[in-house]
Amino acid sequence: MKELRKLCKLVVWALLCAEISLKAQLTATTWNPAGNPSGNGLWTESANWTGGQVANGSNKVVLNVSGARACVVDGAVNAGQLVAGDNGPGGFLIVTNGGSLAASATDWSAIGYNNTIQLMVESGGSASFGNHLWIGFDPGSDGTLTMNGGTVSVSGMFGLGWNGGKGTVHVNGGTLNLSQWSPGNPGSIAGASVLDIGAGTVVITGNQASSVGSFISSGKITGYGGTGVVSNFFNGATTTLTASPGSGPPATNVVNILSINLVNSNLVLSWPTSAVYYVLKSATNLAAPVVWKTVTNNATTSNGTNQVVLSMSGQRSFFRLGSGVDASTMNRKLLMGYQGWFSAQGDGSAQNSWVHWFHGNPPNTDNLNIDLWPDMSELDPDELFTTSMTYSNGTPAKLYSAYKQKTVVRHFKWMAENNLDGVFFQRFLSDIPTGQNITALRNQVAINVRVGAETYGRVFAIMYDISGYPTNTLVSKLTNDWLYLVNTQHVTNSPSYLHHNGKPVVAIWGFGFSGRDDTPEQAQAAIDWFKAAGCTVMGGLPTNWRTLNGDAQTNAAWSNVFRQFDVISPWAVGRYGNNSGADNFRVNQIVPDLAAATAAGRDYMPVIFPGFSWHNMHDQNPLNPLNQIPRNGGNFYWRQAWNAARSGCTMIYGAMYDEVDEGTAMFKMATKLADTPQGVPMVTLNMDGTDLPSDWYLKLADQAGKMLRGEIPLQTTIPISPP
């Protein structure tokens, strides 16, 4: 009898696979909204589809066009067959409140057939599949279903990673109804696939309690990203799965998550990419006090698995997956601004131009817009884009593009290597006009930042910069873009998204500066809206927010409005230029600012910066000299960090991680003129008379963070020396 049951299972498997291989004879139509002048990503607009006809029940609907706008379902739509991520990335398919997607009962559907795709169902939306639904089918596929509410129903077989791919389901809300379930090995959840349950519910027809229990034990069904507890109950007709939240990511390794193998003379450590709450850590002993350090070797990703290969050193080592930077608070964190606004011609973006590196074409010394040159030595050939400039040895000078996810993730790797907490990702309202190429570029960089933070256990939050944006549509632009980030990109669902006082953080920089025509009423409307949306709201404010003079508008109403921000962060870049100026700024600004913010029940986050220079941005005008505010080998930066820490500040904003335009960058940079293009003035790290490594300012920020957290004593001088 046992052999007969085994034979029956094999027959069922074979029939299902045969059915999948025989694709339905339907008229194929492909989502491709590039030529639609309306700029709307609606399923119901015919111009968004090949052939100019809205996809319907007689169509095999294909989403596979790289870089295409998200496909939004906001009404009732049908598909004969839905094949998303088939020989090309499918992007995003979003079913919003009031939207319903119905796929045929005669044909199977795939979310991630052999490529990537994300299907998102919002509260009030629904998706029904009359036949089988495969999420992440063939090898190389990576399909994701995220439910933030609504219902998803599958009448046929439900399979994650069924044929060697990777499928991920996040039931953050709503109900996932499954009529068929395979309890076998691998069963409905195969390979590195994971079904994660948050506040939603999964209902499976029949008694699947035992099978579900096995999947829970093996880590294929999780609660709240692995931090919660999953329970399942059979009521005589259906098996219901729910989850209760835990207290946060476990600090120690989880059984069946981290795998360690000896291959030749190397240690191979691997864990599933779904374990986004974890970073790899190592220690040399387990006797108190144990010092666990983050392993910063490059992690490669393949088929849903992260892998790090380490050479055997002869030293005894212990490994675990530990939680990354605590994303629940801003306290005791030094967080930097990340511009991410650089792109290059040939980077694959629709923008396809040099943005921020140059203020015109061609990309030569006459048009250069930056005063610091990034260290490009670690970047791979596919991350380098050739300019019209050359180094002194005649080789072409090349730059990077933040459109390349690989490069942005590398920047977060540098953060992890230096124990840096994370970033506020700058989102300039003037850079995101609706439906234009630059908007698509900026949106991709936002995705890249999230991937980098999750890969290396850092945190990130959105900071809006309203400078340069007209005030007539300012508030609506802010709120609509936040809704896009939350409802389409789901940034706040990321385990790496920064929270404070139990709420996701959003920062707005630029209200109330002199010379702008924004009003206190507009600022108050924005603050009220974001607070009502459940956010902790941070304000990047004028230096003189407290006294309403100098760089601040003088309308007395601003005094109360500024104090409505949950976190007050006055701008400081360029307000002083040496150590004595920084000391005076502490006495006249930081100390009384902190007292005023505390009296108002607000948190206070001062700004520090390493130096300043925007000579090339201003066409080498002598009124804007090169190296305008010298770095002095890092002593200027350290003085500010010390001033903030000794004043009792619990958080610091670092300007900036990658800002080479105005010379405030902290990431790896050229150390000497030979490392920069010839024929153009540049600031190098040795300009102030000290030879420094390219990562010197990352190392300084590491020490400044340690001093802020009390891990090293308060000290007036830099505690480390250049190698």
# chains A, B, ... in the order shown; residues from 1 in each chain; ligands from 1
call {"tool": "residues_around", "arguments": {"residues": "Ala110 of chain A", "least_positions_apart": "4", "cutoff": "6 Å", "atoms": "only C-alpha atoms", "output": "JSON, numbers by chain"}}
result
{"A": [83, 133, 134, 135]}
call {"tool": "select_by_dssp", "arguments": {"residues": "segment 225-393 of chain A", "states": "strand (DSSP E)", "output": "PyMOL selection string"}}
result
chain A and resi 229-234+238-244+259-263+266-272+278-283+293-294+300-302+305-311+318-323+333-338+385-390
call {"tool": "closest_atom_pairs", "arguments": {"of": "segment 328-411 of chain A", "to": "segment 417-426 of chain A", "cutoff": "6 Å", "atoms": "only C-alpha atoms", "output": "Markdown table"}}
result
| residue | atom | partner | partner_atom | distance |
| --- | --- | --- | --- | --- |
| A:Leu335 | CA | A:Val423 | CA | 5.1 |
| A:Met336 | CA | A:Val423 | CA | 4.7 |
| A:Gly337 | CA | A:Phe424 | CA | 4.8 |
| A:Tyr338 | CA | A:Phe425 | CA | 4.9 |
| A:Gln339 | CA | A:Gln426 | CA | 5.1 |
call {"tool": "write_last_selection", "arguments": {"atoms": "N, CA, C and O atoms", "output": "JSON list (two decimals), in the first residue's frame"}}
result
[["chain", "number", "residue", "atom", "x", "y", "z"],
["A", 335, "LEU", "N", 23.43, 58.67, 12.03],
["A", 335, "LEU", "CA", 22.81, 58.35, 10.75],
["A", 335, "LEU", "C", 23.21, 59.39, 9.71],
["A", 335, "LEU", "O", 23.13, 60.60, 9.97],
["A", 336, "MET", "N", 23.63, 58.93, 8.55],
["A", 336, "MET", "CA", 24.11, 59.84, 7.51],
["A", 336, "MET", "C", 23.06, 60.06, 6.43],
["A", 336, "MET", "O", 22.18, 59.23, 6.22],
["A", 337, "GLY", "N", 23.18, 61.17, 5.75],
["A", 337, "GLY", "CA", 22.36, 61.40, 4.57],
["A", 337, "GLY", "C", 22.95, 60.67, 3.37],
["A", 337, "GLY", "O", 24.17, 60.67, 3.18],
["A", 338, "TYR", "N", 22.09, 60.02, 2.60],
["A", 338, "TYR", "CA", 22.53, 59.32, 1.39],
["A", 338, "TYR", "C", 21.81, 59.95, 0.21],
["A", 338, "TYR", "O", 20.58, 59.83, 0.08],
["A", 339, "GLN", "N", 22.57, 60.67, -0.66],
["A", 339, "GLN", "CA", 21.95, 61.36, -1.78],
["A", 339, "GLN", "C", 21.45, 60.37, -2.83],
["A", 339, "GLN", "O", 20.33, 60.47, -3.30]]
call {"tool": "select_by_dssp", "arguments": {"residues": "segment 336-511 of chain A", "states": "helix (DSSP H, G or I)", "output": "ChimeraX atom specification"}}
result
/A:365-367,381-383,405-417,429-431,437-455,471-487,491-493
call {"tool": "residues_around", "arguments": {"residues": "Gly346 of chain A", "least_positions_apart": "4", "cutoff": "12 Å", "atoms": "only C-alpha atoms", "output": "PyMOL selection string"}}
result
chain A and resi 350-355+382-387+399-401+403-404
call {"tool": "residues_around", "arguments": {"residues": "Met687 of chain A", "least_positions_apart": "6", "cutoff": "9 Å", "atoms": "only C-alpha atoms", "output": "list in words"}}
result
Asn627, Pro630, Arg631, Asn632, Gly633, Thr671, Lys672 and Leu673 of chain A
call {"tool": "write_last_selection", "arguments": {"atoms": "all heavy atoms", "output": "compact mmCIF listing (two decimals), in the first residue's frame"}}
result
# COMPACT_ATOMS: atom_id res chain seq x y z
N ASN A 627 38.34 73.53 -1.42
CA ASN A 627 38.61 73.19 -0.02
C ASN A 627 38.25 74.36 0.89
O ASN A 627 39.00 74.73 1.79
CB ASN A 627 40.09 72.82 0.16
CG ASN A 627 40.32 71.96 1.39
OD1 ASN A 627 39.42 71.27 1.86
ND2 ASN A 627 41.54 71.99 1.91
N PRO A 630 38.37 73.34 5.25
CA PRO A 630 39.28 72.19 5.25
C PRO A 630 38.87 71.14 6.29
O PRO A 630 38.32 71.44 7.34
CB PRO A 630 40.64 72.81 5.61
CG PRO A 630 40.48 74.28 5.31
CD PRO A 630 39.05 74.60 5.59
N ARG A 631 39.21 69.91 5.95
CA ARG A 631 38.89 68.79 6.84
C ARG A 631 39.94 68.60 7.94
O ARG A 631 39.63 68.01 8.98
CB ARG A 631 38.80 67.50 6.02
CG ARG A 631 37.64 67.51 5.03
CD ARG A 631 37.57 66.23 4.22
NE ARG A 631 36.33 66.18 3.45
CZ ARG A 631 35.52 65.14 3.36
NH1 ARG A 631 35.84 64.01 3.99
NH2 ARG A 631 34.41 65.17 2.65
N ASN A 632 41.14 69.07 7.68
CA ASN A 632 42.22 68.95 8.67
C ASN A 632 42.40 67.52 9.16
O ASN A 632 42.50 67.24 10.36
CB ASN A 632 41.96 69.88 9.87
CG ASN A 632 42.13 71.35 9.50
OD1 ASN A 632 42.96 71.68 8.65
ND2 ASN A 632 41.34 72.22 10.09
N GLY A 633 42.42 66.62 8.19
CA GLY A 633 42.71 65.23 8.50
C GLY A 633 41.66 64.53 9.34
O GLY A 633 41.92 63.46 9.90
N THR A 671 42.65 59.57 -2.51
CA THR A 671 43.56 60.04 -1.46
C THR A 671 44.56 61.07 -1.96
O THR A 671 45.06 61.88 -1.18
CB THR A 671 44.32 58.85 -0.86
OG1 THR A 671 45.08 58.21 -1.90
CG2 THR A 671 43.34 57.84 -0.27
N LYS A 672 44.88 61.05 -3.25
CA LYS A 672 45.88 61.96 -3.82
C LYS A 672 45.49 62.33 -5.24
O LYS A 672 44.65 61.67 -5.87
CB LYS A 672 47.26 61.30 -3.78
CG LYS A 672 47.34 59.94 -4.45
CD LYS A 672 48.69 59.30 -4.22
CE LYS A 672 48.82 57.95 -4.93
NZ LYS A 672 47.81 56.98 -4.45
N LEU A 673 46.11 63.39 -5.76
CA LEU A 673 45.73 63.91 -7.08
C LEU A 673 45.91 62.88 -8.19
O LEU A 673 45.17 62.89 -9.17
CB LEU A 673 46.54 65.17 -7.40
CG LEU A 673 46.05 66.46 -6.75
CD1 LEU A 673 46.98 67.62 -7.10
CD2 LEU A 673 44.62 66.78 -7.18
call {"tool": "decode", "arguments": {"residues": "segment 363-389 of chain A", "atoms": "N, CA, C and O atoms", "output": "mmCIF file, in the first residue's frame"}}
result
data_model
loop_
_atom_site.group_PDB
_atom_site.id
_atom_site.type_symbol
_atom_site.label_atom_id
_atom_site.label_comp_id
_atom_site.auth_asym_id
_atom_site.auth_seq_id
_atom_site.Cartn_x
_atom_site.Cartn_y
_atom_site.Cartn_z
ATOM 1 N N PRO A 363 30.857 64.798 -20.759
ATOM 2 C CA PRO A 363 31.324 64.574 -19.390
ATOM 3 C C PRO A 363 32.833 64.812 -19.272
ATOM 4 O O PRO A 363 33.625 63.871 -19.145
ATOM 5 N N ASN A 364 33.208 66.086 -19.293
ATOM 6 C CA ASN A 364 34.636 66.426 -19.266
ATOM 7 C C ASN A 364 34.932 67.386 -18.125
ATOM 8 O O ASN A 364 34.057 67.732 -17.323
ATOM 9 N N THR A 365 36.177 67.833 -18.066
ATOM 10 C CA THR A 365 36.614 68.685 -16.953
ATOM 11 C C THR A 365 35.883 70.021 -16.924
ATOM 12 O O THR A 365 35.671 70.595 -15.853
ATOM 13 N N ASP A 366 35.483 70.537 -18.099
ATOM 14 C CA ASP A 366 34.783 71.821 -18.133
ATOM 15 C C ASP A 366 33.407 71.739 -17.478
ATOM 16 O O ASP A 366 32.888 72.750 -16.988
ATOM 17 N N ASN A 367 32.808 70.564 -17.480
ATOM 18 C CA ASN A 367 31.457 70.404 -16.963
ATOM 19 C C ASN A 367 31.391 69.672 -15.626
ATOM 20 O O ASN A 367 30.294 69.403 -15.127
ATOM 21 N N LEU A 368 32.541 69.340 -15.057
ATOM 22 C CA LEU A 368 32.545 68.571 -13.819
ATOM 23 C C LEU A 368 31.831 69.335 -12.711
ATOM 24 O O LEU A 368 32.025 70.548 -12.537
ATOM 25 N N ASN A 369 31.034 68.633 -11.936
ATOM 26 C CA ASN A 369 30.173 69.254 -10.924
ATOM 27 C C ASN A 369 30.591 68.905 -9.505
ATOM 28 O O ASN A 369 29.950 69.324 -8.551
ATOM 29 N N ILE A 370 31.662 68.146 -9.343
ATOM 30 C CA ILE A 370 32.030 67.621 -8.025
ATOM 31 C C ILE A 370 33.433 68.074 -7.635
ATOM 32 O O ILE A 370 34.271 68.373 -8.494
ATOM 33 N N ASP A 371 33.683 68.140 -6.331
ATOM 34 C CA ASP A 371 35.007 68.526 -5.826
ATOM 35 C C ASP A 371 35.769 67.361 -5.213
ATOM 36 O O ASP A 371 36.969 67.471 -4.973
ATOM 37 N N LEU A 372 35.071 66.265 -4.904
ATOM 38 C CA LEU A 372 35.716 65.062 -4.384
ATOM 39 C C LEU A 372 35.526 63.935 -5.385
ATOM 40 O O LEU A 372 34.451 63.806 -5.988
ATOM 41 N N TRP A 373 36.545 63.107 -5.547
ATOM 42 C CA TRP A 373 36.474 61.995 -6.487
ATOM 43 C C TRP A 373 36.326 60.695 -5.701
ATOM 44 O O TRP A 373 37.147 60.392 -4.828
ATOM 45 N N PRO A 374 35.275 59.922 -5.964
ATOM 46 C CA PRO A 374 35.094 58.667 -5.213
ATOM 47 C C PRO A 374 36.182 57.651 -5.550
ATOM 48 O O PRO A 374 36.696 57.620 -6.671
ATOM 49 N N ASP A 375 36.515 56.838 -4.568
ATOM 50 C CA ASP A 375 37.455 55.737 -4.793
ATOM 51 C C ASP A 375 36.735 54.660 -5.595
ATOM 52 O O ASP A 375 35.793 54.035 -5.107
ATOM 53 N N MET A 376 37.179 54.450 -6.828
ATOM 54 C CA MET A 376 36.506 53.517 -7.737
ATOM 55 C C MET A 376 37.215 52.172 -7.811
ATOM 56 O O MET A 376 36.819 51.299 -8.582
ATOM 57 N N SER A 377 38.258 51.975 -6.999
ATOM 58 C CA SER A 377 39.134 50.822 -7.168
ATOM 59 C C SER A 377 38.452 49.489 -6.870
ATOM 60 O O SER A 377 38.856 48.454 -7.407
ATOM 61 N N GLU A 378 37.433 49.468 -6.018
ATOM 62 C CA GLU A 378 36.792 48.207 -5.651
ATOM 63 C C GLU A 378 35.632 47.830 -6.568
ATOM 64 O O GLU A 378 35.139 46.705 -6.510
ATOM 65 N N LEU A 379 35.197 48.758 -7.403
ATOM 66 C CA LEU A 379 34.028 48.501 -8.229
ATOM 67 C C LEU A 379 34.371 47.591 -9.396
ATOM 68 O O LEU A 379 35.471 47.662 -9.958
ATOM 69 N N ASP A 380 33.428 46.734 -9.759
ATOM 70 C CA ASP A 380 33.613 45.807 -10.871
ATOM 71 C C ASP A 380 33.374 46.511 -12.204
ATOM 72 O O ASP A 380 32.763 47.589 -12.247
ATOM 73 N N PRO A 381 33.842 45.906 -13.310
ATOM 74 C CA PRO A 381 33.683 46.549 -14.620
ATOM 75 C C PRO A 381 32.249 46.925 -14.961
ATOM 76 O O PRO A 381 32.015 47.961 -15.589
ATOM 77 N N ASP A 382 31.267 46.121 -14.522
ATOM 78 C CA ASP A 382 29.883 46.441 -14.867
ATOM 79 C C ASP A 382 29.314 47.579 -14.024
ATOM 80 O O ASP A 382 28.167 48.001 -14.229
ATOM 81 N N GLU A 383 30.119 48.105 -13.101
ATOM 82 C CA GLU A 383 29.697 49.249 -12.295
ATOM 83 C C GLU A 383 30.371 50.547 -12.744
ATOM 84 O O GLU A 383 30.107 51.600 -12.160
ATOM 85 N N LEU A 384 31.225 50.491 -13.740
ATOM 86 C CA LEU A 384 32.050 51.634 -14.145
ATOM 87 C C LEU A 384 31.586 52.187 -15.481
ATOM 88 O O LEU A 384 31.356 51.436 -16.434
ATOM 89 N N PHE A 385 31.490 53.526 -15.559
ATOM 90 C CA PHE A 385 31.024 54.190 -16.767
ATOM 91 C C PHE A 385 32.038 55.264 -17.164
ATOM 92 O O PHE A 385 32.405 56.126 -16.358
ATOM 93 N N THR A 386 32.471 55.188 -18.399
ATOM 94 C CA THR A 386 33.597 55.980 -18.883
ATOM 95 C C THR A 386 33.206 57.423 -19.164
ATOM 96 O O THR A 386 32.220 57.690 -19.849
ATOM 97 N N THR A 387 33.989 58.363 -18.621
ATOM 98 C CA THR A 387 33.812 59.783 -18.893
ATOM 99 C C THR A 387 34.760 60.197 -20.028
ATOM 100 O O THR A 387 35.488 59.369 -20.584
ATOM 101 N N SER A 388 34.783 61.480 -20.342
ATOM 102 C CA SER A 388 35.712 62.008 -21.351
ATOM 103 C C SER A 388 37.007 62.474 -20.713
ATOM 104 O O SER A 388 37.844 63.099 -21.381
ATOM 105 N N MET A 389 37.193 62.161 -19.433
ATOM 106 C CA MET A 389 38.395 62.572 -18.712
ATOM 107 C C MET A 389 39.354 61.392 -18.580
ATOM 108 O O MET A 389 38.946 60.235 -18.728
#
